[in-house]
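Reading through the structure tokens given below for one structure.
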Protein chains: 2
Amino acid sequence: MKRSARHIFDQYLQENGIRRSKPREQVFDIFINTETHLTVLKLYELTKARYPNIGYATVYRAMKIICDAGIADEINFGDGFKHYEHKYGHEHHDHMICTECKELIEVLNPEIEEMQQALAQAYDFTITNHRLQIFGVCGKCKKEQG
Amino acid sequence: MKRSARHIFDQYLQENGIRRSKPREQVFDIFINTETHLTVLKLYELTKARYPNIGYATVYRAMKIICDAGIADEINFGDGFKHYEHKYGHEHHDHMICTECKELIEVLNPEIEEMQQALAQAYDFTITNHRLQIFGVCGKCKKEQG
DNA sequence: TTGATACTGATAATCATTTTCAGAAAGAAG
DNA sequence: CTTCTTTCTGAAAATGATTATCAGTATCAA
Ligand SMILES: [Mn+2]
Ligand SMILES: [Mn+2]
Ligand SMILES: [Zn+2]
Ligand SMILES: [Zn+2]
């Protein structure tokens, strides 16, 4: 049977003596029910909309724990903001970002992944993680611009 | 015959009405003679060592222009600092970064580059640039750790 | 119920980068 | 060489995302 993110999270809190506080649960609730790439500000706004007492710092703190638990992943797109996406139950993937409309396309090419491994081996390098971000213009934006 | 970075830079300044000021030339001099990936602070220190009057803000300003001229490239390794590397006269390449000793290995795999193009085409996406950073542990560090 | 301890929201601090600004330098014209 | 306009400079202040601080509050095992 499938272990839910909820279960994984509970177990992580348990094992690390982290309390199941209300504000933390609220951030978790909003994050887990929003399937997009979220910035801290956006996450704060969404949480605040439903749970008006939430504090900005708490969102940062909660997301750090949610990442540590393996539920979320922090992404750096080089725009000066932290972004979060779902990790648990999601395959690794890379990102294609349209610099016009900011659309984000998740892509995965197993061959590219393999070649990175081969490349690393040639240097006796052991990969722990990688980041591939492709920037450009999406089909829609190309049409709109002629 | 080969057009030097110096020539390219002069032409860029000329065409954009940017003056050939002394401090700007000093930063250019240090950058062009340092073949490593430089942070702004490091660049400032190196420049200051030879030209004590240089200001920190001037290094930022000069590097922006040097990048615009196509001589340097700004890299974001996600460590909170801007890094600069030589662009003019250097082939595109990706980076492998050892998270232990911070060593930087420049790599290039033409097949990976091609597959990115193929991947983009499948989405009707036109690539303007990309960033591939591979993090892990280098051979040296693996030995030292047993 | 209680007591130790983790957690909270508000706020201040941090720190790389950017902006501001008054004085200095570049460079075109004469 | 002088003059004049405009760009440039260094120092210092501002910015803005993230982190740390702190006094009061909530959690939860006992
Ligand atoms: Mn994603
Ligand atoms: Mn490089
Ligand atoms: Zn687009
Ligand atoms: Zn290493």
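If you're wondering about the labels, chains in the structure tokens are A, B, ... by order shown, residues count from 1 in each chain, ligands from 1 in order shown.
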
Contacts of ligand 3, 7 Å or closer, only C-alpha atoms (C1' of nucleotides) and all ligand atoms, given as a PyMOL selection string:
chain A and resi 98-103+137-141

Suppose we keep N, CA and C atoms; can you now write the selection as an mmCIF file, in the first residue's frame?
```
data_model
loop_
_atom_site.group_PDB
_atom_site.id
_atom_site.type_symbol
_atom_site.label_atom_id
_atom_site.label_comp_id
_atom_site.auth_asym_id
_atom_site.auth_seq_id
_atom_site.Cartn_x
_atom_site.Cartn_y
_atom_site.Cartn_z
ATOM 1 N N CYS A 98 10.062 29.485 -19.816
ATOM 2 C CA CYS A 98 9.876 30.504 -20.843
ATOM 3 C C CYS A 98 10.167 31.864 -20.220
ATOM 4 N N THR A 99 11.125 32.559 -20.806
ATOM 5 C CA THR A 99 11.527 33.843 -20.234
ATOM 6 C C THR A 99 10.512 34.944 -20.538
ATOM 7 N N GLU A 100 9.551 34.656 -21.435
ATOM 8 C CA GLU A 100 8.516 35.645 -21.750
ATOM 9 C C GLU A 100 7.359 35.537 -20.766
ATOM 10 N N CYS A 101 6.707 34.387 -20.767
ATOM 11 C CA CYS A 101 5.493 34.228 -19.950
ATOM 12 C C CYS A 101 5.764 33.496 -18.643
ATOM 13 N N LYS A 102 7.034 33.137 -18.410
ATOM 14 C CA LYS A 102 7.430 32.469 -17.168
ATOM 15 C C LYS A 102 6.845 31.066 -17.012
ATOM 16 N N GLU A 103 6.251 30.543 -18.077
ATOM 17 C CA GLU A 103 5.693 29.183 -17.962
ATOM 18 C C GLU A 103 6.812 28.204 -17.637
ATOM 19 N N VAL A 137 12.044 30.457 -25.233
ATOM 20 C CA VAL A 137 10.703 30.968 -25.526
ATOM 21 C C VAL A 137 9.787 29.820 -25.916
ATOM 22 N N CYS A 138 8.641 29.757 -25.265
ATOM 23 C CA CYS A 138 7.707 28.662 -25.527
ATOM 24 C C CYS A 138 6.930 28.900 -26.823
ATOM 25 N N GLY A 139 6.261 27.847 -27.302
ATOM 26 C CA GLY A 139 5.510 27.923 -28.551
ATOM 27 C C GLY A 139 4.498 29.052 -28.574
ATOM 28 N N LYS A 140 3.729 29.161 -27.531
ATOM 29 C CA LYS A 140 2.703 30.212 -27.450
ATOM 30 C C LYS A 140 3.309 31.597 -27.651
ATOM 31 N N CYS A 141 4.347 31.875 -26.898
ATOM 32 C CA CYS A 141 4.962 33.210 -26.967
ATOM 33 C C CYS A 141 5.576 33.485 -28.330
#
```

Using only C-alpha atoms (C1' of nucleotides) and all ligand atoms, which residues of the polymer chains come no farther than 8 Å from ligand 2? I'd like the answer as a list in words.
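Checking only C-alpha atoms (C1' of nucleotides) and all ligand atoms against ligand 2 at 8 Å gives Thr36, His37, Glu85, His86, His93, Asp94, His95, Leu104, Ile105 and Glu106 of chain B.
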
Expected answer as a CSV table (one decimal) with all heavy atoms, in the first residue's frame: chain B residues within 9 Å of chain C, only C-alpha atoms (C1' of nucleotides):
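Result file out23.csv:
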```
chain,number,residue,atom,x,y,z
B,19,ARG,N,32.4,55.6,-21.5
B,19,ARG,CA,33.8,56.1,-21.4
B,19,ARG,C,34.8,55.1,-21.0
B,19,ARG,O,34.5,54.2,-20.2
B,19,ARG,CB,33.9,57.3,-20.5
B,19,ARG,CG,33.1,58.5,-21.1
B,19,ARG,CD,33.1,59.7,-20.2
B,19,ARG,NE,32.4,60.8,-20.8
B,19,ARG,CZ,32.0,61.9,-20.1
B,19,ARG,NH1,32.3,62.0,-18.9
B,19,ARG,NH2,31.3,62.8,-20.7
B,20,ARG,N,36.0,55.3,-21.5
B,20,ARG,CA,37.1,54.4,-21.1
B,20,ARG,C,37.8,54.9,-19.8
B,20,ARG,O,38.9,55.4,-19.9
B,20,ARG,CB,38.1,54.3,-22.2
B,20,ARG,CG,38.6,52.9,-22.5
B,20,ARG,CD,39.6,52.9,-23.7
B,20,ARG,NE,40.8,52.2,-23.3
B,20,ARG,CZ,41.6,51.5,-24.1
B,20,ARG,NH1,41.3,51.6,-25.4
B,20,ARG,NH2,42.6,50.9,-23.7
B,21,SER,N,37.1,54.8,-18.7
B,21,SER,CA,37.6,55.4,-17.5
B,21,SER,C,38.7,54.5,-16.9
B,21,SER,O,38.7,53.3,-17.1
B,21,SER,CB,36.5,55.6,-16.5
B,21,SER,OG,36.1,54.3,-16.0
B,22,LYS,N,39.5,55.1,-16.0
B,22,LYS,CA,40.6,54.4,-15.4
B,22,LYS,C,40.1,53.2,-14.5
B,22,LYS,O,40.6,52.1,-14.7
B,22,LYS,CB,41.4,55.4,-14.6
B,22,LYS,CG,42.9,54.9,-14.4
B,22,LYS,CD,43.7,56.0,-13.8
B,22,LYS,CE,43.9,57.1,-14.7
B,22,LYS,NZ,44.8,58.2,-14.1
B,57,ALA,N,31.5,49.3,-5.5
B,57,ALA,CA,30.4,49.5,-6.4
B,57,ALA,C,30.9,49.5,-7.9
B,57,ALA,O,30.2,49.0,-8.8
B,57,ALA,CB,29.7,50.7,-6.1
B,60,TYR,N,31.1,46.1,-9.4
B,60,TYR,CA,29.8,45.6,-9.8
B,60,TYR,C,29.5,46.3,-11.2
B,60,TYR,O,29.1,45.6,-12.1
B,60,TYR,CB,28.7,46.0,-8.8
B,60,TYR,CG,28.6,45.0,-7.7
B,60,TYR,CD1,29.2,45.2,-6.5
B,60,TYR,CD2,27.8,43.8,-7.9
B,60,TYR,CE1,29.0,44.3,-5.4
B,60,TYR,CE2,27.7,42.9,-6.9
B,60,TYR,CZ,28.3,43.1,-5.6
B,60,TYR,OH,28.1,42.2,-4.6
B,80,GLY,N,24.5,32.1,-3.3
B,80,GLY,CA,24.2,33.5,-2.8
B,80,GLY,C,25.2,34.5,-3.4
B,80,GLY,O,25.0,35.7,-3.0
B,81,PHE,N,26.1,34.1,-4.2
B,81,PHE,CA,27.1,35.1,-4.8
B,81,PHE,C,27.0,35.0,-6.3
B,81,PHE,O,26.8,34.0,-6.9
B,81,PHE,CB,28.5,34.7,-4.3
B,81,PHE,CG,28.7,34.8,-2.8
B,81,PHE,CD1,28.4,33.7,-2.0
B,81,PHE,CD2,29.1,36.0,-2.2
B,81,PHE,CE1,28.6,33.7,-0.6
B,81,PHE,CE2,29.3,36.0,-0.8
B,81,PHE,CZ,29.0,34.9,0.0
B,82,LYS,N,27.4,36.1,-6.9
B,82,LYS,CA,27.5,36.2,-8.3
B,82,LYS,C,29.0,35.7,-8.6
B,82,LYS,O,29.9,36.1,-7.9
B,82,LYS,CB,27.4,37.6,-8.9
B,82,LYS,CG,25.9,38.1,-8.8
B,82,LYS,CD,25.8,39.4,-9.5
B,82,LYS,CE,24.4,39.8,-9.7
B,82,LYS,NZ,24.2,41.1,-10.4
```

Would you tabulate, counting only C-alpha atoms and all ligand atoms, all residues of chain A that have an atom at most 12 Å from an atom of ligand 4, showing the closest pair of atoms and their distance in Å to one decimal, sorted by chain then ascending number, as a tab-separated table?
```
residue	atom	partner	partner_atom_place_in_ligand_line	distance
A:Tyr123	CA	ligand 4	1 (Zn)	11.4
A:Asp124	CA	ligand 4	1 (Zn)	10.6
A:Phe125	CA	ligand 4	1 (Zn)	8.7
A:Thr126	CA	ligand 4	1 (Zn)	10.1
A:Ile127	CA	ligand 4	1 (Zn)	11.6
```

Ala62 of chain A surroundings by only C-alpha atoms (C1' of nucleotides), 10 Å radius, close-in-sequence under 6 positions cut, as a PyMOL selection string:
chain A and resi 23-28+68

Take the residues just selected and output them with N, CA and C atoms as an mmCIF file, in the first residue's frame.
```
data_model
loop_
_atom_site.group_PDB
_atom_site.id
_atom_site.type_symbol
_atom_site.label_atom_id
_atom_site.label_comp_id
_atom_site.auth_asym_id
_atom_site.auth_seq_id
_atom_site.Cartn_x
_atom_site.Cartn_y
_atom_site.Cartn_z
ATOM 1 N N PRO A 23 0.205 26.023 13.385
ATOM 2 C CA PRO A 23 0.696 26.798 12.239
ATOM 3 C C PRO A 23 1.473 25.928 11.243
ATOM 4 N N ARG A 24 2.283 25.012 11.765
ATOM 5 C CA ARG A 24 3.075 24.145 10.884
ATOM 6 C C ARG A 24 2.145 23.270 10.056
ATOM 7 N N GLU A 25 1.098 22.787 10.688
ATOM 8 C CA GLU A 25 0.126 21.947 9.984
ATOM 9 C C GLU A 25 -0.600 22.745 8.902
ATOM 10 N N GLN A 26 -0.803 24.007 9.180
ATOM 11 C CA GLN A 26 -1.510 24.852 8.219
ATOM 12 C C GLN A 26 -0.681 25.060 6.960
ATOM 13 N N VAL A 27 0.601 25.305 7.147
ATOM 14 C CA VAL A 27 1.474 25.468 5.982
ATOM 15 C C VAL A 27 1.540 24.152 5.214
ATOM 16 N N PHE A 28 1.667 23.076 5.944
ATOM 17 C CA PHE A 28 1.721 21.756 5.312
ATOM 18 C C PHE A 28 0.454 21.512 4.500
ATOM 19 N N ASP A 68 13.237 18.915 4.663
ATOM 20 C CA ASP A 68 14.070 17.939 5.366
ATOM 21 C C ASP A 68 13.391 16.580 5.449
#
```

Could the residues of chain D within 8 Å of chain A, counting only C-alpha atoms (C1' of nucleotides), be given as JSON, numbers by chain, please?
{"D": [17, 26, 27]}
